[in-house]
file my_file_34.txt (compact mmCIF, C-alpha atoms)
# COMPACT_ATOMS: atom_id res chain seq x y z
CA MET E 16 69.52 -18.02 -54.68
CA PHE E 17 65.96 -18.07 -53.42
CA ASP E 18 64.38 -14.83 -52.46
CA TYR E 19 62.74 -15.90 -49.23
CA SER E 20 61.06 -12.58 -48.72
CA THR E 21 58.81 -12.95 -51.71
CA LYS E 22 58.47 -16.67 -52.33
CA ILE E 23 56.86 -19.28 -50.17
CA TYR E 24 57.40 -22.93 -50.90
CA LYS E 25 54.91 -25.20 -49.25
CA GLN E 26 55.52 -28.84 -48.57
CA ALA E 27 52.97 -31.04 -50.23
CA LEU E 28 50.84 -32.47 -47.47
CA ILE E 29 47.63 -34.37 -47.34
CA VAL E 30 45.76 -34.79 -44.10
CA LEU E 31 43.59 -37.87 -44.02
CA ASP E 32 41.14 -39.04 -41.45
CA SER E 33 42.42 -42.01 -39.43
CA SER E 34 39.40 -44.04 -40.48
CA PHE E 35 40.94 -44.43 -43.93
CA GLY E 36 43.63 -46.69 -42.50
CA ALA E 37 46.55 -45.03 -44.14
CA LEU E 38 48.77 -48.01 -44.68
CA GLU E 39 46.10 -49.98 -46.50
CA LEU E 40 45.03 -47.01 -48.54
CA PRO E 41 44.91 -47.76 -52.26
CA PRO E 42 46.85 -45.11 -54.16
CA ALA E 43 43.80 -44.20 -56.17
CA LEU E 44 41.98 -43.10 -53.04
CA ILE E 45 44.58 -40.53 -52.15
CA PRO E 46 43.13 -37.17 -53.09
CA GLY E 47 45.11 -35.67 -55.88
CA SER E 48 46.23 -38.98 -57.29
CA TYR E 49 43.94 -38.39 -60.25
CA PHE E 50 46.82 -38.19 -62.67
CA GLY E 51 48.75 -40.97 -61.00
CA SER E 52 51.83 -40.55 -58.89
CA GLY E 53 53.99 -37.47 -58.84
CA TYR E 54 51.07 -35.22 -58.17
CA SER E 55 51.23 -32.53 -55.54
CA LYS E 56 48.31 -30.91 -53.88
CA VAL E 57 48.68 -27.56 -52.20
CA ALA E 58 45.71 -26.21 -50.35
CA LEU E 59 44.97 -22.66 -49.32
CA TYR E 60 42.86 -22.69 -46.21
CA GLU E 61 40.53 -20.13 -44.75
CA PRO E 62 41.93 -18.60 -41.50
CA SER E 63 38.86 -19.81 -39.63
CA LEU E 64 39.77 -23.37 -40.52
CA MET E 65 43.34 -23.08 -39.35
CA ASP E 66 42.53 -23.39 -35.63
CA SER E 67 40.70 -26.63 -36.03
CA MET E 68 43.38 -27.89 -38.39
CA ASN E 69 46.11 -27.08 -35.88
CA THR E 70 44.22 -28.96 -33.21
CA THR E 71 43.95 -31.91 -35.51
CA MET E 72 47.59 -31.76 -36.44
CA ASP E 73 48.54 -31.95 -32.79
CA MET E 74 46.87 -35.31 -32.58
CA GLU E 75 49.63 -37.21 -34.28
CA SER E 76 47.86 -40.50 -33.98
CA GLN E 77 45.15 -39.18 -36.28
CA ILE E 78 47.42 -37.76 -38.90
CA THR E 79 48.80 -39.33 -41.97
CA ARG E 80 51.26 -37.27 -43.88
CA THR E 81 51.94 -38.20 -47.42
CA ILE E 82 54.61 -36.35 -49.26
CA PHE E 83 54.54 -36.22 -53.00
CA SER E 84 57.11 -34.85 -55.33
CA GLY E 85 56.90 -33.51 -58.81
CA ALA E 86 54.47 -31.46 -60.81
CA PRO E 87 51.87 -30.43 -61.75
CA VAL E 88 50.66 -28.50 -58.78
CA LEU E 89 46.97 -27.82 -58.62
CA TRP E 90 46.11 -24.75 -56.60
CA ASN E 91 42.73 -24.65 -54.98
CA SER E 92 42.21 -21.24 -56.54
CA ASP E 93 42.69 -22.83 -59.99
CA LEU E 94 40.23 -25.50 -59.04
CA SER E 95 37.70 -22.94 -57.89
CA GLN E 96 38.10 -20.90 -61.04
CA GLY E 97 37.69 -23.97 -63.22
CA TYR E 98 34.50 -24.93 -61.46
CA GLN E 99 33.23 -21.38 -61.50
CA GLU E 100 33.62 -21.39 -65.29
CA LEU E 101 31.93 -24.76 -65.42
CA GLY E 102 29.01 -23.41 -63.41
CA GLU E 103 28.70 -20.45 -65.74
CA ALA E 104 28.78 -22.69 -68.80
CA LEU E 105 26.09 -24.94 -67.33
CA GLY E 106 23.96 -21.92 -66.58
CA GLU E 107 24.36 -20.61 -70.12
CA ILE E 108 23.32 -23.82 -71.84
CA THR E 109 20.34 -24.14 -69.51
CA GLU E 110 19.13 -20.73 -70.60
CA LEU E 111 19.43 -21.32 -74.34
CA ASP E 112 16.28 -21.12 -76.45
CA GLU E 113 14.05 -24.17 -76.32
CA ASP E 114 14.69 -24.97 -79.96
CA ASP E 115 18.45 -24.83 -79.47
CA ASP E 116 20.09 -28.24 -79.92
CA TRP E 117 22.56 -27.57 -77.12
CA ARG E 118 20.09 -26.62 -74.40
CA ILE E 119 19.79 -28.90 -71.34
CA ASP E 120 16.70 -29.56 -69.22
CA PRO E 121 16.56 -28.22 -65.63
CA PRO E 122 16.78 -31.71 -64.00
CA VAL E 123 19.99 -32.33 -65.95
CA TYR E 124 21.32 -28.97 -64.83
CA ASN E 125 20.56 -29.78 -61.20
CA ALA E 126 22.20 -33.20 -61.41
CA ALA E 127 25.23 -31.73 -63.17
CA ARG E 128 25.62 -29.08 -60.48
CA TYR E 129 25.51 -31.72 -57.79
CA VAL E 130 28.07 -33.93 -59.51
CA ALA E 131 30.31 -30.92 -60.14
CA SER E 132 30.24 -29.99 -56.46
CA GLU E 133 31.16 -33.56 -55.50
CA LEU E 134 33.99 -33.58 -58.02
CA MET E 135 35.32 -30.29 -56.76
CA ARG E 136 35.12 -31.53 -53.20
CA MET E 137 37.26 -34.47 -54.26
CA SER E 138 39.73 -32.13 -55.98
CA PHE E 139 39.09 -33.44 -59.48
CA PRO E 140 40.21 -30.92 -62.08
CA ALA E 141 37.29 -29.15 -63.72
CA PRO E 142 36.08 -31.10 -66.76
CA ARG E 143 35.32 -30.06 -70.32
CA ILE E 144 31.66 -30.34 -71.12
CA PHE E 145 29.51 -31.20 -74.10
CA ASN E 146 26.06 -32.63 -74.54
CA HIS E 147 23.94 -34.80 -76.78
CA GLY E 148 20.82 -32.70 -76.42
CA PRO E 149 18.51 -31.62 -73.62
CA LYS E 150 18.55 -34.91 -71.71
CA SER E 151 22.17 -35.09 -70.62
CA ILE E 152 25.45 -33.33 -70.14
CA VAL E 153 28.83 -34.98 -70.45
CA PHE E 154 31.87 -34.18 -68.31
CA ASN E 155 35.13 -35.16 -69.97
CA TRP E 156 38.75 -35.40 -68.89
CA SER E 157 41.69 -36.45 -71.02
CA SER E 158 44.83 -38.04 -69.67
CA GLY E 159 47.25 -38.74 -72.49
CA THR E 160 45.25 -40.64 -75.06
CA ASN E 161 42.76 -41.94 -72.50
CA ASN E 162 39.46 -40.29 -71.81
CA LEU E 163 37.06 -40.37 -68.93
CA TYR E 164 33.47 -39.38 -69.66
CA LEU E 165 30.67 -38.92 -67.15
CA THR E 166 27.32 -38.70 -68.89
CA ILE E 167 24.86 -37.14 -66.49
CA SER E 168 21.14 -37.19 -67.10
CA GLY E 169 18.37 -36.28 -64.70
CA ASP E 170 18.15 -39.69 -63.09
CA ARG E 171 21.37 -41.53 -63.85
CA MET E 172 25.04 -41.20 -64.58
CA SER E 173 27.24 -43.28 -66.85
CA ALA E 174 30.99 -43.46 -66.62
CA LEU E 175 33.09 -44.44 -69.60
CA ILE E 176 36.83 -44.87 -69.77
CA SER E 177 38.18 -45.25 -73.27
CA SER E 178 41.56 -45.53 -74.91
CA PRO E 179 42.25 -45.26 -78.65
CA GLU E 180 42.20 -49.04 -78.86
CA ARG E 181 39.05 -49.88 -76.98
CA ILE E 182 36.42 -49.16 -74.39
CA GLN E 183 38.09 -49.98 -71.10
CA ARG E 184 35.29 -49.56 -68.60
CA ARG E 185 31.65 -48.61 -68.52
CA ILE E 186 29.47 -48.29 -65.49
CA ASP E 187 25.99 -46.91 -64.87
CA TYR E 188 24.62 -45.44 -61.66
CA ALA E 189 21.22 -44.26 -60.65
CA ALA E 190 21.47 -40.63 -59.60
CA ASN E 191 20.45 -41.37 -56.03
CA GLN E 192 23.26 -43.91 -55.76
CA LEU E 193 25.70 -41.18 -56.58
CA ILE E 194 24.11 -38.85 -54.08
CA ASP E 195 24.07 -41.48 -51.36
CA SER E 196 27.74 -42.18 -51.52
CA PRO E 197 30.89 -40.66 -52.96
CA LEU E 198 32.11 -44.21 -53.39
CA ALA E 199 30.97 -44.15 -57.00
CA LEU E 200 33.32 -41.29 -57.72
CA PHE E 201 36.11 -43.14 -56.00
CA TYR E 202 35.70 -46.10 -58.31
CA ILE E 203 35.66 -43.85 -61.32
CA GLU E 204 38.84 -42.19 -60.17
CA ALA E 205 40.44 -45.51 -59.40
CA ALA E 206 39.68 -46.88 -62.84
CA TYR E 207 40.85 -43.75 -64.57
CA SER E 208 44.12 -43.50 -62.73
CA GLY E 209 44.83 -47.07 -63.78
CA LYS E 210 45.22 -48.31 -60.23
CA PRO E 211 43.96 -51.74 -59.34
CA VAL E 212 40.74 -51.91 -57.43
CA GLU E 213 39.89 -55.17 -55.75
CA ARG E 214 36.30 -55.30 -56.86
CA TRP E 215 35.28 -53.60 -60.02
CA VAL E 216 31.91 -54.15 -61.57
CA THR E 217 31.40 -53.42 -65.23
CA GLY E 218 27.82 -52.93 -66.18
CA ALA E 219 24.75 -51.48 -64.60
CA ILE E 220 24.71 -51.45 -60.86
CA SER E 221 21.48 -52.04 -59.06
CA ASP E 222 22.94 -51.91 -55.58
CA LEU E 223 25.95 -49.83 -54.74
CA GLN E 224 26.52 -51.97 -51.67
CA GLU E 225 28.02 -54.49 -54.07
CA LEU E 226 30.94 -52.18 -54.48
CA SER E 227 31.52 -51.49 -50.85
CA ALA E 228 31.20 -55.10 -49.76
CA MET I 13 25.36 -54.66 -104.54
CA LYS I 14 22.68 -52.05 -105.21
CA ALA I 15 23.78 -48.83 -106.86
CA ASP I 16 23.15 -46.77 -103.75
CA GLN I 17 24.55 -49.29 -101.29
CA ILE I 18 27.62 -48.11 -99.48
CA GLY I 19 30.56 -50.50 -99.82
CA GLU I 20 32.60 -51.72 -96.87
CA GLN I 21 35.70 -49.84 -97.97
CA ASP I 22 33.88 -46.63 -98.90
CA SER I 23 34.84 -43.46 -97.07
CA LEU I 24 32.40 -41.17 -95.33
CA PHE I 25 33.24 -37.72 -94.07
CA ARG I 26 32.18 -35.72 -91.07
CA HIS I 27 32.52 -31.99 -91.58
CA VAL I 28 33.71 -29.76 -88.76
CA VAL I 29 32.05 -26.39 -88.31
CA PHE I 30 33.18 -23.70 -85.90
CA PRO I 31 31.97 -22.88 -83.23
CA LEU I 32 29.70 -25.93 -82.95
CA ALA I 33 32.58 -28.37 -82.75
CA PHE I 34 34.70 -26.28 -80.44
CA GLY I 35 34.95 -25.41 -76.78
CA GLY I 36 36.36 -21.91 -76.97
CA ARG I 37 39.08 -22.24 -79.62
CA ALA I 38 39.77 -25.90 -78.87
CA PHE I 39 38.36 -28.59 -81.13
CA GLN I 40 36.08 -31.15 -79.48
CA TRP I 41 35.15 -34.21 -81.50
CA ASP I 42 32.32 -34.90 -79.08
CA LYS I 43 30.69 -31.67 -80.20
CA THR I 44 31.25 -32.38 -83.86
CA MET I 45 29.05 -35.43 -84.22
CA LYS I 46 25.53 -34.58 -83.16
CA LEU I 47 23.53 -37.74 -82.41
CA PHE I 48 19.77 -37.33 -82.72
CA ASP I 49 17.10 -39.47 -81.07
CA GLU I 50 14.65 -40.97 -83.53
CA PRO I 51 11.04 -41.84 -82.64
CA ASP I 52 11.76 -45.55 -83.17
CA GLY I 53 14.54 -45.44 -80.56
CA SER I 54 17.41 -45.43 -83.02
CA ILE I 55 20.18 -42.82 -83.14
CA LEU I 56 20.81 -40.72 -86.21
CA ALA I 57 23.73 -38.62 -87.44
CA SER I 58 24.84 -37.13 -90.75
CA LEU I 59 27.84 -37.88 -92.92
CA ALA I 60 28.85 -37.28 -96.53
CA TRP I 61 29.50 -40.24 -98.84
CA GLU I 62 32.68 -40.29 -100.85
CA ARG I 63 30.82 -41.35 -103.98
CA TYR I 64 29.24 -37.91 -104.22
CA VAL I 65 32.20 -35.98 -102.85
CA PRO I 66 34.77 -37.80 -104.98
CA THR I 67 37.68 -35.41 -104.53
CA THR I 68 39.06 -33.33 -101.69
CA ALA I 69 37.73 -30.23 -103.43
CA HIS I 70 34.23 -31.72 -103.42
CA ILE I 71 34.52 -32.67 -99.74
CA HIS I 72 35.43 -29.09 -98.86
CA ALA I 73 32.81 -27.57 -101.13
CA TYR I 74 30.21 -29.58 -99.21
CA GLY I 75 31.58 -28.19 -95.92
CA CYS I 76 31.56 -24.60 -97.17
CA ARG I 77 27.95 -24.95 -98.33
CA LEU I 78 27.03 -26.49 -94.98
CA ALA I 79 28.46 -23.56 -92.98
CA SER I 80 26.90 -21.08 -95.37
CA ARG I 81 23.47 -22.72 -94.94
CA MET I 82 23.87 -22.62 -91.16
CA ASN I 83 24.64 -18.90 -91.26
CA ALA I 84 21.67 -18.28 -93.52
CA ASP I 85 19.42 -20.20 -91.11
CA GLN I 86 20.67 -18.12 -88.20
CA GLN I 87 20.01 -14.93 -90.13
CA LYS I 88 16.54 -16.13 -91.03
CA LYS I 89 15.82 -16.69 -87.33
CA ASP I 90 17.34 -13.29 -86.53
CA LYS I 91 19.92 -15.01 -84.31
CA TYR I 92 23.02 -14.36 -86.37
CA ARG I 93 25.96 -12.92 -84.46
CA GLU I 94 29.28 -12.26 -86.13
CA LYS I 95 31.25 -13.85 -83.29
CA ASP I 96 29.25 -17.06 -83.70
CA ARG I 97 29.53 -17.11 -87.46
CA ARG I 98 29.75 -20.69 -88.71
CA ILE I 99 33.13 -21.42 -90.23
CA TYR I 100 33.87 -24.67 -92.02
CA SER I 101 37.25 -25.91 -90.81
CA GLY I 102 37.81 -29.35 -92.31
CA ALA I 103 36.62 -32.93 -92.30
CA TYR I 104 37.45 -36.29 -90.77
CA GLN I 105 37.15 -39.58 -92.60
CA LEU I 106 35.43 -42.75 -91.41
CA ARG I 107 35.17 -46.03 -93.30
CA ALA I 108 31.86 -47.82 -93.69
CA ASP I 109 33.20 -51.10 -92.32
CA HIS I 110 34.50 -49.35 -89.20
CA ILE I 111 31.09 -47.81 -88.61
CA ARG I 112 29.32 -51.13 -89.08
CA ALA I 113 31.78 -52.71 -86.64
CA LEU I 114 30.16 -50.74 -83.82
CA ALA I 115 27.66 -53.59 -83.55
CA THR I 116 30.44 -56.00 -82.62
CA THR I 117 32.54 -53.71 -80.46
CA ASN I 118 33.40 -54.94 -76.98
CA GLY I 119 31.77 -52.69 -74.45
CA LEU I 120 29.01 -51.62 -76.83
CA GLU I 121 26.85 -54.71 -76.54
CA GLU I 122 23.66 -52.67 -76.63
CA VAL I 123 24.24 -51.73 -80.29
CA LEU I 124 22.17 -54.02 -82.49
CA SER I 125 23.29 -52.53 -85.80
CA ALA I 126 25.10 -49.54 -87.23
CA GLU I 127 24.41 -48.68 -90.83
CA VAL I 128 25.14 -45.92 -93.29
CA ILE I 129 22.32 -45.16 -95.71
CA HIS I 130 22.48 -42.77 -98.63
CA HIS I 131 19.81 -40.14 -98.07
CA VAL I 132 19.79 -36.90 -100.05
CA GLU I 133 19.01 -33.99 -97.74
CA ALA I 134 18.97 -30.20 -98.07
CA GLY I 135 19.91 -30.52 -101.73
CA GLU I 136 23.11 -32.40 -100.91
CA ILE I 137 23.35 -35.59 -102.90
CA ALA I 138 26.28 -36.79 -100.79
CA HIS I 139 24.31 -36.62 -97.55
CA THR I 140 24.21 -39.96 -95.78
CA ASP I 141 22.45 -41.09 -92.63
CA LEU I 142 24.37 -42.89 -89.94
CA ARG I 143 21.68 -44.91 -88.18
CA ILE I 144 22.39 -46.90 -85.05
CA THR I 145 19.76 -49.30 -83.74
CA LEU I 146 19.90 -50.33 -80.11
CA LYS I 147 18.75 -53.43 -78.32
CA ARG I 148 15.64 -52.84 -76.27
CA ASP I 149 16.80 -54.56 -73.11
CA SER I 150 20.05 -52.65 -72.65
CA GLU I 151 21.32 -52.19 -69.12
CA PHE I 152 22.91 -48.90 -70.09
CA GLY I 153 21.15 -45.59 -70.41
CA LEU I 154 20.69 -44.11 -73.90
CA GLU I 155 22.72 -41.00 -73.14
CA GLY I 156 25.69 -42.99 -71.87
CA THR I 157 25.48 -45.16 -74.95
CA LYS I 158 25.72 -42.09 -77.17
CA THR I 159 28.91 -41.05 -75.39
CA ALA I 160 30.42 -44.50 -75.91
CA ILE I 161 29.46 -44.45 -79.60
CA LEU I 162 31.11 -41.05 -80.05
CA ALA I 163 34.29 -42.28 -78.41
CA CYS I 164 34.41 -45.32 -80.71
CA LEU I 165 33.73 -43.29 -83.84
CA TRP I 166 36.48 -40.82 -82.97
CA ASN I 167 38.95 -43.67 -82.52
CA ALA I 168 38.09 -44.87 -86.04
CA CYS I 169 38.63 -41.45 -87.63
CA CYS I 170 41.40 -40.45 -90.00
CA GLY I 171 42.40 -36.92 -90.85
CA PRO I 172 41.88 -34.07 -90.65
CA LEU I 173 41.57 -32.56 -94.10
CA VAL I 174 41.75 -28.88 -93.22
CA HIS I 175 40.35 -26.12 -95.34
CA LYS I 176 39.55 -22.40 -95.53
CA CYS I 177 36.51 -21.48 -97.57
CA ASP I 178 36.86 -18.50 -99.90
CA CYS I 179 34.58 -16.43 -97.69
CA ASP I 180 36.83 -17.10 -94.67
CA GLN I 181 40.22 -16.33 -96.19
CA GLU I 182 40.61 -13.10 -94.22
CA ILE I 183 40.25 -14.82 -90.83
CA LEU I 184 43.66 -14.74 -89.19
CA GLN I 185 43.06 -17.27 -86.43
CA HIS I 186 41.19 -19.73 -88.56
CA PRO I 187 39.82 -22.66 -86.50
CA SER I 188 41.19 -25.17 -89.02
CA HIS I 189 44.55 -24.70 -87.28
CA SER I 190 43.04 -26.23 -84.13
CA LEU I 191 41.99 -29.53 -85.66
CA PRO I 192 43.99 -32.34 -84.07
CA ASP I 193 45.25 -35.47 -85.77
CA ALA I 194 42.68 -38.23 -85.60
CA PRO I 195 43.53 -41.38 -83.62
CA SER I 196 43.68 -43.58 -86.75
CA GLY I 197 46.21 -41.35 -88.46
CA PRO I 198 46.17 -39.02 -91.43
CA TYR I 199 43.71 -39.35 -94.28
CA ARG I 200 45.07 -41.14 -97.32
CA ASP I 201 43.13 -41.56 -100.50
CA MET I 202 43.99 -45.16 -101.31
CA ARG I 203 41.98 -45.29 -104.53
CA PRO I 204 44.02 -45.98 -107.66
CA TYR I 205 44.13 -43.13 -110.20
CA LEU I 206 41.73 -44.82 -112.63
CA GLU I 207 39.26 -45.53 -109.86
CA ARG I 208 39.33 -41.88 -108.84
CA LEU I 209 38.63 -40.88 -112.43
CA TRP I 210 35.73 -43.33 -112.51
CA TYR I 211 34.35 -41.90 -109.25
CA LEU I 212 34.60 -38.41 -110.66
CA LEU I 213 32.86 -39.33 -113.90
CA ARG I 214 30.12 -41.19 -112.04
CA PHE I 215 29.65 -38.24 -109.72
CA HIS I 216 29.11 -35.80 -112.59
CA VAL I 217 26.69 -38.12 -114.34
CA CYS I 218 24.72 -38.82 -111.15
CA SER I 219 24.65 -35.12 -110.23
CA TRP I 220 23.36 -34.23 -113.68
CA LEU I 221 20.69 -36.93 -113.57
CA TRP I 222 19.62 -35.97 -110.08
CA ARG I 223 19.30 -32.28 -110.93
CA LYS I 224 17.38 -33.14 -114.07
CA LYS I 225 14.95 -35.14 -111.94
CA LEU I 226 14.18 -32.13 -109.70
call {"tool": "encode", "arguments": {"input": "my_file_34.txt", "output": "structure tokens"}}
result
Amino acid sequence: MFDYSTKIYKQALIVLDSSFGALELPPALIPGSYFGSGYSKVALYEPSLMDSMNTTMDMESQITRTIFSGAPVLWNSDLSQGYQELGEALGEITELDEDDDWRIDPPVYNAARYVASELMRMSFPAPRIFNHGPKSIVFNWSSGTNNLYLTISGDRMSALISSPERIQRRIDYAANQLIDSPLALFYIEAAYSGKPVERWVTGAISDLQELSA
Amino acid sequence: MKADQIGEQDSLFRHVVFPLAFGGRAFQWDKTMKLFDEPDGSILASLAWERYVPTTAHIHAYGCRLASRMNADQQKKDKYREKDRRIYSGAYQLRADHIRALATTNGLEEVLSAEVIHHVEAGEIAHTDLRITLKRDSEFGLEGTKTAILACLWNACCGPLVHKCDCDQEILQHPSHSLPDAPSGPYRDMRPYLERLWYLLRFHVCSWLWRKKL
């Protein structure tokens, strides 16, 4: 029997802005769908946010509720801790001696911090990191035998999705394209979660508008 | 074929050293293979050629010497810390033809050639350069290309061959236990017995000649 006095079970709930058009929403765009279906997202909100959330929830026409079942559950506190550790690791490798092979340049550090904050905002799990030298840092996630790599340098970012058999997708962005729009991250997520995306461009992108057209 | 030319079926080994190839206690292939930028725009990495590490014992002896040299270098620079002590943990195998196939891999169109070249370094006669030449007009950034190359090389790996050096026998949580199976399966020495004997004999003769030359 459940001990209701000590355990709280929260229903998985995602609140989306009406502008997304819930019924047409591709599964990959649903926050938390990173590992495909069966993923629950449970958020812990600041009390100051609750009032505005309640107001929003009252406006039923602007609410889409999507209920997921199954595990794993990603707590926001886990997410925060993962990104805190990531931030510390980035700081450490920035401060390594200049002759250290694993040191990264300050512009790479700044770009990596920005990308990390965007990823956290989109509820991506914190990545593993490694680097090739001072000019880049690589964020890496594994899902089964597939891997997603984001190689971040001072002025550009490359996404790579690979399986043991082959390279599945590669895409390059200029850093300002990433900053201008989170759409780039959406496409990365979509490709990685294996969901179909109507327009996918493999190769270097000179104009991100191509993707949003 | 020239005497020092590496045959298509020849094995090359990448040695894994803790903590360089690890994130915490977890092995990371991406950290194992360091890719260096060369002034001519090519990418360089180091491997060990089977011809001069003809048996598993020789492969591991190379790894133990490598870790030992790294520790000595750290001590020389006054940067040695016991918790960061370099520990050789094992090796993964790659075949020369799989490395050369990088130049024809779908999704890696910017690779012009991938070659393995015997190049004695730091007194190691088995040391071999992995040199990757890129096309000049690539639409992809160099750093992203390195990531893609690493991913492809890992997928071509066999192993691991795990090992504890004599100087590391007392380590209870030895990092060799963390080495995962490579995507292409376990390492198998497919050389017939007589061929292995020939490799061993040739190794001893070449080693003797090389040392005599120094």
call {"tool": "closest_atom_pairs", "arguments": {"input": "my_file_34.txt", "of": "chain I", "to": "chain E", "cutoff": "12 Å", "atoms": "all atoms listed in the file", "output": "CSV"}}
result
residue,atom,partner,partner_atom,distance
I:Leu32,CA,E:Trp117,CA,9.4
I:Ala33,CA,E:Phe145,CA,9.6
I:Phe34,CA,E:Phe145,CA,9.6
I:Gly35,CA,E:Arg143,CA,8.0
I:Gly36,CA,E:Arg143,CA,10.6
I:Ala38,CA,E:Arg143,CA,10.5
I:Phe39,CA,E:Arg143,CA,11.3
I:Gln40,CA,E:Phe145,CA,8.5
I:Trp41,CA,E:Phe145,CA,9.8
I:Asp42,CA,E:Phe145,CA,6.8
I:Lys43,CA,E:Phe145,CA,6.2
I:Thr44,CA,E:Phe145,CA,10.0
I:Met45,CA,E:His147,CA,9.0
I:Lys46,CA,E:His147,CA,6.6
I:Leu47,CA,E:His147,CA,6.4
I:Phe48,CA,E:His147,CA,7.7
I:Asp49,CA,E:Gly148,CA,9.0
I:Ile55,CA,E:His147,CA,10.9
I:Leu56,CA,E:His147,CA,11.6
I:Ala57,CA,E:His147,CA,11.3
I:Gln86,CA,E:Asp115,CA,11.2
I:Lys89,CA,E:Asp114,CA,11.1
I:Lys91,CA,E:Asp112,CA,10.6
I:Leu114,CA,E:Arg181,CA,11.2
I:Thr116,CA,E:Arg181,CA,12.0
I:Thr117,CA,E:Arg181,CA,8.3
I:Asn118,CA,E:Ile182,CA,7.0
I:Gly119,CA,E:Ile182,CA,5.8
I:Leu120,CA,E:Ile182,CA,8.2
I:Glu121,CA,E:Gly218,CA,10.6
I:Glu122,CA,E:Gly218,CA,11.3
I:Ser150,CA,E:Ala219,CA,9.4
I:Glu151,CA,E:Ala219,CA,5.7
I:Phe152,CA,E:Ala219,CA,6.3
I:Gly153,CA,E:Ser173,CA,7.4
I:Leu154,CA,E:Ser173,CA,9.7
I:Glu155,CA,E:Ser151,CA,6.4
I:Gly156,CA,E:Ser173,CA,5.3
I:Thr157,CA,E:Ser173,CA,8.5
I:Lys158,CA,E:His147,CA,7.5
I:Thr159,CA,E:Thr166,CA,7.1
I:Ala160,CA,E:Leu175,CA,6.9
I:Ile161,CA,E:Ile182,CA,9.9
I:Leu162,CA,E:His147,CA,10.1
I:Ala163,CA,E:Ser177,CA,7.1
I:Cys164,CA,E:Arg181,CA,7.5
I:Leu165,CA,E:Pro179,CA,10.2
I:Trp166,CA,E:Pro179,CA,8.5
I:Asn167,CA,E:Pro179,CA,5.3
I:Ala168,CA,E:Pro179,CA,8.5
I:Cys169,CA,E:Pro179,CA,10.4
I:Asp193,CA,E:Thr160,CA,11.9
I:Ala194,CA,E:Pro179,CA,9.9
I:Pro195,CA,E:Pro179,CA,6.4
I:Ser196,CA,E:Pro179,CA,8.4
I:Gly197,CA,E:Pro179,CA,11.3
call {"tool": "residues_near_point", "arguments": {"input": "my_file_34.txt", "point": "(41.1, -36.4, -91.9)", "cutoff": "10 Å", "atoms": "all atoms listed in the file", "output": "list in words"}}
result
Phe25, Arg26, His27, Gly102, Ala103, Tyr104, Gln105, Leu106, Cys169, Cys170, Gly171, Pro172, Leu173, Val174, Leu191, Pro192, Asp193, Ala194, Pro195, Ser196, Gly197, Pro198, Tyr199 and Arg200 of chain I
call {"tool": "atom_distance", "arguments": {"input": "my_file_34.txt", "atom1": "atom CA of Gln17 of chain I", "atom2": "atom CA of Arg77 of chain I"}}
result
24.8 Å
call {"tool": "atom_distance", "arguments": {"input": "my_file_34.txt", "atom1": "atom CA of Tyr205 of chain I", "atom2": "atom CA of Ile71 of chain I"}}
result
17.6 Å
call {"tool": "residues_around", "arguments": {"input": "my_file_34.txt", "residues": "Ala141 of chain E", "least_positions_apart": "2", "cutoff": "7 Å", "atoms": "only C-alpha atoms", "output": "mmCIF file with C-alpha atoms, in the coordinates of the input"}}
result
data_model
loop_
_atom_site.group_PDB
_atom_site.id
_atom_site.type_symbol
_atom_site.label_atom_id
_atom_site.label_comp_id
_atom_site.auth_asym_id
_atom_site.auth_seq_id
_atom_site.Cartn_x
_atom_site.Cartn_y
_atom_site.Cartn_z
ATOM 1 C CA LEU E 94 40.230 -25.500 -59.040
ATOM 2 C CA GLY E 97 37.690 -23.970 -63.220
ATOM 3 C CA TYR E 98 34.500 -24.930 -61.460
ATOM 4 C CA PHE E 139 39.090 -33.440 -59.480
ATOM 5 C CA ARG E 143 35.320 -30.060 -70.320
#
call {"tool": "closest_residue", "arguments": {"input": "my_file_34.txt", "among": "I:Ala115, I:Asp90, I:Leu24, I:Thr145", "to": "Pro51 of chain I", "atoms": "all atoms listed in the file"}}
result
I:Thr145
call {"tool": "closest_residue", "arguments": {"input": "my_file_34.txt", "among": "I:Pro66, I:Gly19, I:Gly53, I:Pro31", "to": "Asp201 of chain I", "atoms": "only C-alpha atoms"}}
result
I:Pro66
call {"tool": "residues_around", "arguments": {"input": "my_file_34.txt", "residues": "segment 78-80 of chain I", "least_positions_apart": "2", "cutoff": "7 Å", "atoms": "only C-alpha atoms", "output": "number ranges by chain"}}
result
I: 29, 74-76, 82-84, 98-100
call {"tool": "atom_distance", "arguments": {"input": "my_file_34.txt", "atom1": "atom CA of Met202 of chain I", "atom2": "atom CA of Val65 of chain I"}}
result
15.0 Å
